[in-house]
Each structure stands twice: as C-alpha cells, then as structure tokens.
$ cat data-v4.txt   # compact mmCIF, C-alpha atoms
# COMPACT_ATOMS: atom_id res chain seq x y z
CA MET A 1 63.81 113.26 102.10
CA THR A 2 64.71 111.31 105.23
CA VAL A 3 68.23 110.64 106.50
CA VAL A 4 68.78 107.65 108.80
CA THR A 5 71.91 108.24 110.88
CA GLY A 6 73.21 108.09 114.41
CA SER A 7 75.73 110.88 113.81
CA PRO A 8 75.48 113.73 116.33
CA PHE A 9 76.42 116.16 113.56
CA ALA A 10 73.05 115.58 111.91
CA ARG A 11 71.44 117.58 114.72
CA ASP A 12 73.14 120.70 113.35
CA PRO A 13 70.67 122.43 110.97
CA ARG A 14 73.62 123.60 108.85
CA VAL A 15 74.41 119.94 108.15
CA ALA A 16 70.91 118.50 107.79
CA GLY A 17 69.72 121.31 105.56
CA GLY A 18 66.09 120.95 106.59
CA TRP A 19 65.88 117.21 105.85
CA GLN A 20 64.14 114.90 108.28
CA VAL A 21 66.71 113.05 110.40
CA VAL A 22 65.91 109.83 112.26
CA GLU A 23 68.08 107.25 114.01
CA SER A 24 66.10 104.18 112.88
CA ALA A 25 64.53 103.14 109.59
CA ALA A 26 61.74 101.29 111.41
CA GLY A 27 58.35 102.20 110.00
CA LEU A 28 59.71 103.76 106.83
CA ALA A 29 58.54 102.54 103.42
CA PRO A 30 60.78 104.38 100.94
CA ASP A 31 60.56 104.27 97.16
CA GLU A 32 64.34 104.66 96.94
CA VAL A 33 67.15 103.95 99.38
CA VAL A 34 70.62 105.46 99.12
CA VAL A 35 73.25 103.47 101.04
CA ASP A 36 76.33 105.55 101.78
CA ALA A 37 79.87 104.13 102.02
CA PHE A 38 79.15 100.76 103.66
CA PRO A 39 77.30 98.44 101.24
CA ALA A 40 75.51 96.54 104.02
CA GLY A 41 75.51 99.26 106.68
CA LEU A 42 78.16 100.14 109.23
CA LYS A 43 77.81 96.83 111.09
CA GLY A 44 76.46 94.65 108.27
CA GLU A 45 72.91 95.21 109.49
CA LEU A 46 71.38 95.81 106.04
CA THR A 47 69.98 92.91 104.04
CA ARG A 48 68.23 92.73 100.69
CA PHE A 49 65.49 95.34 100.35
CA PRO A 50 61.90 94.45 99.36
CA PRO A 51 61.12 94.13 95.63
CA GLY A 52 60.18 97.43 94.04
CA THR A 53 62.59 99.50 96.14
CA ARG A 54 65.20 101.26 94.05
CA VAL A 55 68.56 101.00 95.80
CA THR A 56 71.58 103.19 95.08
CA HIS A 57 74.99 102.81 96.68
CA LEU A 58 77.65 105.51 97.06
CA ALA A 59 80.96 103.65 97.29
CA ARG A 60 84.05 104.98 99.02
CA LEU A 61 87.42 103.49 99.95
CA LEU A 62 87.16 100.98 102.81
CA ARG A 63 89.51 98.61 104.57
CA TRP A 64 87.83 95.81 102.67
CA ASP A 65 89.57 92.97 104.51
CA ALA A 66 88.05 94.32 107.73
CA TYR A 67 84.62 95.02 106.28
CA ARG A 68 84.10 91.87 104.19
CA PRO A 69 83.41 89.58 107.22
CA LEU A 70 80.57 91.89 108.29
CA LEU A 71 78.50 91.23 105.15
CA PRO A 72 75.27 89.33 105.94
CA ALA A 73 74.21 86.14 104.17
CA ASP A 74 71.65 88.07 102.08
CA PRO A 75 73.26 91.48 101.46
CA PRO A 76 71.59 94.31 99.57
CA ARG A 77 71.64 94.38 95.79
CA PHE A 78 71.95 97.71 94.03
CA ASP A 79 70.25 99.07 90.96
CA ARG A 80 73.24 101.35 90.59
CA THR A 81 76.51 102.00 92.39
CA PHE A 82 78.33 105.29 92.09
CA VAL A 83 82.06 105.04 92.84
CA LEU A 84 83.27 108.24 94.48
CA GLU A 85 86.96 107.37 94.74
CA PRO A 86 89.17 104.45 93.66
CA LEU A 87 88.48 101.26 95.61
CA ALA A 88 90.52 98.21 96.54
CA PRO A 89 90.26 95.59 93.75
CA ALA A 90 88.34 93.08 95.89
CA HIS A 91 85.90 95.79 97.00
CA ASP A 92 85.33 96.87 93.41
CA ALA A 93 84.81 93.28 92.29
CA TYR A 94 82.21 92.67 95.01
CA LEU A 95 80.20 95.74 94.05
CA ARG A 96 80.14 94.67 90.42
CA GLU A 97 78.66 91.33 91.53
CA VAL A 98 75.81 92.94 93.48
CA SER A 99 75.12 95.97 91.25
CA ASP A 100 73.22 96.21 87.98
CA GLU A 101 75.29 99.25 87.03
CA VAL A 102 78.58 100.67 88.32
CA SER A 103 79.87 104.08 87.27
CA PRO A 104 82.10 106.85 88.64
CA LEU A 105 80.61 109.98 90.15
CA THR A 106 82.33 113.27 90.90
CA LEU A 107 80.70 115.22 93.70
CA THR A 108 80.24 118.99 93.44
CA ASP A 109 79.80 121.05 96.57
CA PRO A 110 77.39 124.00 96.70
CA PRO A 111 78.94 127.47 96.80
CA SER A 112 80.24 128.59 100.17
CA GLU A 113 82.02 131.58 101.64
CA PRO A 114 85.80 131.35 102.03
CA ILE A 115 87.30 131.09 105.50
CA ASP A 116 88.80 134.55 105.79
CA VAL A 117 91.75 134.09 108.15
CA ASP A 118 95.49 134.60 107.94
CA GLY A 119 98.18 131.96 108.27
CA TRP A 120 97.55 128.28 108.88
CA LEU A 121 94.12 126.67 108.98
CA ILE A 122 93.45 123.49 110.99
CA VAL A 123 90.14 121.78 110.18
CA HIS A 124 88.72 118.76 112.04
CA SER A 125 85.38 117.82 113.57
CA GLY A 126 86.79 115.66 116.35
CA PRO A 127 87.19 113.78 118.58
CA GLU A 128 89.02 116.25 120.78
CA ALA A 129 92.14 114.08 121.16
CA GLU A 130 92.59 114.06 117.38
CA ILE A 131 92.06 117.83 117.17
CA LEU A 132 94.83 118.36 119.70
CA GLU A 133 97.06 115.93 117.79
CA LEU A 134 96.50 117.91 114.59
CA ILE A 135 97.39 121.11 116.44
CA ALA A 136 100.58 119.51 117.75
CA TYR A 137 101.40 118.35 114.22
CA ALA A 138 100.97 121.90 112.92
CA GLN A 139 103.09 123.33 115.73
CA ASP A 140 105.85 120.78 115.06
CA MET A 141 105.85 121.72 111.36
CA ALA A 142 106.09 125.40 112.20
CA SER A 143 108.96 124.76 114.63
CA ALA A 144 110.84 122.64 112.07
CA GLU A 145 110.43 125.36 109.45
CA ARG A 146 111.32 128.11 111.94
CA VAL A 147 108.15 130.08 111.28
CA ALA A 148 105.45 131.39 113.59
CA PRO A 149 102.27 131.73 111.52
CA PRO A 150 98.93 132.63 113.08
CA MET A 151 96.85 129.46 113.42
CA THR A 152 93.07 129.05 113.38
CA LEU A 153 91.17 125.90 114.30
CA VAL A 154 87.82 125.28 112.62
CA SER A 155 85.85 122.73 114.60
CA PRO A 156 82.28 122.33 115.90
CA GLN A 157 83.49 122.67 119.48
CA ARG A 158 86.39 124.47 121.10
CA PRO A 159 88.72 121.93 122.76
CA HIS A 160 89.13 122.37 126.51
CA ASP A 161 92.93 122.32 126.17
CA LEU A 162 93.23 124.53 123.09
CA PRO A 163 96.76 125.99 123.24
CA ALA A 164 97.06 129.71 123.81
CA GLY A 165 97.40 131.77 120.67
CA ILE A 166 95.29 129.50 118.47
CA ALA A 167 91.97 130.99 117.40
CA HIS A 168 88.81 128.90 117.17
CA LEU A 169 85.92 129.21 114.73
CA ASP A 170 82.78 127.11 114.32
CA ILE A 171 82.15 127.35 110.57
CA TYR A 172 80.20 125.01 108.33
CA PRO A 173 80.92 124.22 105.57
CA ALA A 174 84.66 124.63 106.02
CA HIS A 175 86.22 123.54 102.76
CA ARG A 176 87.15 126.78 101.00
CA PRO A 177 90.24 128.57 102.32
CA GLY A 178 90.52 132.31 101.94
CA ALA A 179 93.26 134.01 99.96
CA ASN A 180 95.42 134.59 103.04
CA VAL A 181 95.46 130.96 104.20
CA ASP A 182 99.02 129.72 103.62
CA ARG A 183 98.57 126.15 104.80
CA ILE A 184 95.73 123.72 105.56
CA ILE A 185 96.12 120.93 108.11
CA THR A 186 93.52 118.14 108.33
CA ALA A 187 93.00 114.43 108.80
CA ALA A 188 92.43 112.28 105.68
CA GLY A 189 88.72 111.58 105.59
CA PHE A 190 86.98 111.23 102.26
CA ASN A 191 85.33 114.65 102.09
CA THR A 192 88.32 116.49 103.53
CA VAL A 193 90.75 115.12 100.94
CA ARG A 194 88.28 115.63 98.11
CA GLN A 195 87.27 119.16 99.05
CA PHE A 196 90.79 120.49 99.62
CA ALA A 197 92.19 118.90 96.44
CA PRO A 198 92.23 122.27 94.57
CA TRP A 199 94.69 123.55 97.20
CA ARG A 200 96.84 120.42 97.30
CA GLU A 201 100.13 122.37 97.39
CA ARG A 202 99.02 123.96 100.69
CA HIS A 203 97.35 120.90 102.20
CA ARG A 204 99.03 118.69 104.82
CA MET A 205 97.25 115.53 106.02
CA LEU A 206 97.67 113.51 109.19
CA PRO A 207 95.68 110.28 108.70
CA PHE A 208 94.08 108.67 111.73
CA PRO A 209 93.35 104.96 112.26
CA ARG A 210 89.75 103.95 111.61
CA SER A 211 88.15 100.54 111.96
CA LEU A 212 86.82 100.58 108.38
CA ASP A 213 87.81 103.80 106.59
CA ASP A 214 91.34 103.70 105.15
CA GLN A 215 92.70 107.19 105.78
CA PHE A 216 96.31 106.05 105.32
CA ALA A 217 95.74 104.72 101.80
CA ARG A 218 93.75 107.82 100.88
CA ALA A 219 96.44 110.18 102.15
CA ALA A 220 99.20 108.26 100.36
CA ARG A 221 97.21 108.39 97.13
CA ALA A 222 96.63 112.13 97.49
CA ARG A 223 100.32 112.75 98.13
CA ARG A 224 101.15 110.89 94.91
CA GLY A 225 98.65 113.05 93.08
CA ALA A 226 96.60 109.95 92.17
$ encode --input "data-v4.txt" --output "structure tokens"
Amino acid sequence: MTVVTGSPFARDPRVAGGWQVVESAAGLAPDEVVVDAFPAGLKGELTRFPPGTRVTHLARLLRWDAYRPLLPADPPRFDRTFVLEPLAPAHDAYLREVSDEVSPLTLTDPPSEPIDVDGWLIVHSGPEAEILELIAYAQDMASAERVAPPMTLVSPQRPHDLPAGIAHLDIYPAHRPGANVDRIITAAGFNTVRQFAPWRERHRMLPFPRSLDDQFARAARARRGA
C-alpha cells in the first residue's frame, strides 16, 4: 500500500502505520487508486486514469463553489464513490455524473486507549496560531461560566506561547476522551467532528476558515444534531 501525500504528519509512524509514503505518484502503476476528499486532487491536478485502473473516491463536504472551477477538462471517473458525510447538492450531483456507483460509508476507527486526564481537553494538530485561538476560546468559556477546570492540550507539538497552567501531551490517536474529561474543545475538521460525535454533549467546536473544506457548515450541522 502506497500513500501519496505532501502532509508532514505522514512522516509520523503512528500515522502512516507502516505504509509506504511518497510525495509524488510519478513512476507508480497501481491496480487501484483511492482519491480522498478532492475528486480531482487538491489543486485539480488529477485527470482520467488509464483504462484498467480501478478508481475509488472518498467524498467529504467541500466548499463546492470554490472547488468546482479547479476541475480539469478531463477529470477522473470513479468505479465507486463512498460518501462519508452529507454533501452540498451540486457536489453530490457532480459525483453521480462521474461515478458508476455512489453509496454512503460509515468509518470505524480501530480501538485506542482513552486520554486519561481530568477537566477540559483541547485537541488540534495546528497550525500554532489556531491552537492558541482554541486555548483562548476554552479560557473565555471557563471565565464566562466562572469555573477553573484543569486543561490539557493534545497536539503534535507544544506551542511556544502555551499559557501557564495548561498541560501538553503528544498522543495519537486522540479521539477517545477518558472518563474524567468534562469538556472537549476542537476545530471542526471532518475526522474531529466524526470521532467525537459519541460525546457530543461535551464537545465544543470552533470552526476555522479553509480554502476548500467547509468547517462552518459541518459545525452548524453537528450542533443541530444532523
């Protein structure tokens, strides 16, 4: 199994899980290609694959009006598309045009140990400015509620300006709170919202602007219980 990605997180063996990780697909001749999230790649760089290559797409919520202009003239076609969360109508309609089969898929995470801390849990992988904004959001909530819970940040790196009194842990995966976690504070990325759904009553989300991912729509949907 080979993963093609430019993400720095793929260098972490806890993330890659022993798979081969490369930054370019040049020279590869796969029997099957799985295209994650962006149906023609992040920048519209993917075109139709050679005949005989089975192509699967994993579809997630996008800002379709922003992504649609990036599609190339000859975009990939899919043997099957798995829809991981509800999509915008125009996005859904496009995938049905370029897919032989479209069906929902519910992801199941492998077992993991709970994060055994007390109080409030802040989880974010970065960038650092967003981590500090999440911390400020948590501190503002605590001040408004007139409480002073212990707070723990789970992040790959400790921010340089981490406020005093906030603990830091580098744990992966970080999607199962322990019994003594009273509140969870995160952004509104796809995996974060999905993985913390069982603890929705304790989960507070601060969506961040993204060029293509629609964290605001996802957070609003989660708050409605949709």
$ residues_around --input "data-v4.txt" --residues "Leu107 (chain A)" --least-positions-apart "4" --cutoff "10 Å" --atoms "all atoms listed in the file" --output "PyMOL selection string"
chain A and resi 84+191+194-195
$ write_last_selection --input "data-v4.txt" --atoms "C-alpha atoms" --output "mmCIF file, keeping the file's coordinate frame"
data_model
loop_
_atom_site.group_PDB
_atom_site.id
_atom_site.type_symbol
_atom_site.label_atom_id
_atom_site.label_comp_id
_atom_site.auth_asym_id
_atom_site.auth_seq_id
_atom_site.Cartn_x
_atom_site.Cartn_y
_atom_site.Cartn_z
ATOM 1 C CA LEU A 84 83.270 108.240 94.480
ATOM 2 C CA ASN A 191 85.330 114.650 102.090
ATOM 3 C CA ARG A 194 88.280 115.630 98.110
ATOM 4 C CA GLN A 195 87.270 119.160 99.050
#
$ closest_residue --input "data-v4.txt" --among "A:Ala220, A:Leu212, A:Val34, A:Val147" --to "Val193 (chain A)" --atoms "all atoms listed in the file"
A:Ala220
$ closest_atom_pairs --input "data-v4.txt" --of "region 14-119 of chain A" --to "region 161-167 of chain A" --cutoff "12 Å" --atoms "only C-alpha atoms" --output "CSV"
residue,atom,partner,partner_atom,distance
A:Val117,CA,A:Ala167,CA,9.8
A:Asp118,CA,A:Ala167,CA,10.7
A:Gly119,CA,A:Ile166,CA,10.9
$ residues_around --input "data-v4.txt" --residues "region 175-183 of chain A" --least-positions-apart "4" --cutoff "8 Å" --atoms "only C-alpha atoms" --output "PyMOL selection string"
chain A and resi 112-121+192+195-196+202-204
$ closest_atom_pairs --input "data-v4.txt" --of "region 183-216 of chain A" --to "region 130-139 of chain A" --cutoff "9 Å" --atoms "only C-alpha atoms" --output "CSV"
residue,atom,partner,partner_atom,distance
A:Ile185,CA,A:Ala138,CA,6.9
A:Thr186,CA,A:Leu134,CA,6.9
A:Ala187,CA,A:Leu134,CA,7.6
A:Arg204,CA,A:Ala138,CA,8.9
A:Met205,CA,A:Leu134,CA,8.9
A:Leu206,CA,A:Leu134,CA,7.1
A:Phe208,CA,A:Glu130,CA,7.9
$ closest_residue --input "data-v4.txt" --among "A:Pro173, A:Pro150, A:Gly52, A:Pro198" --to "Asp79 (chain A)" --atoms "all atoms listed in the file"
A:Gly52
$ atom_distance --input "data-v4.txt" --atom1 "CA of Ser103 (chain A)" --atom2 "CA of Ser211 (chain A)"
26.3 Å
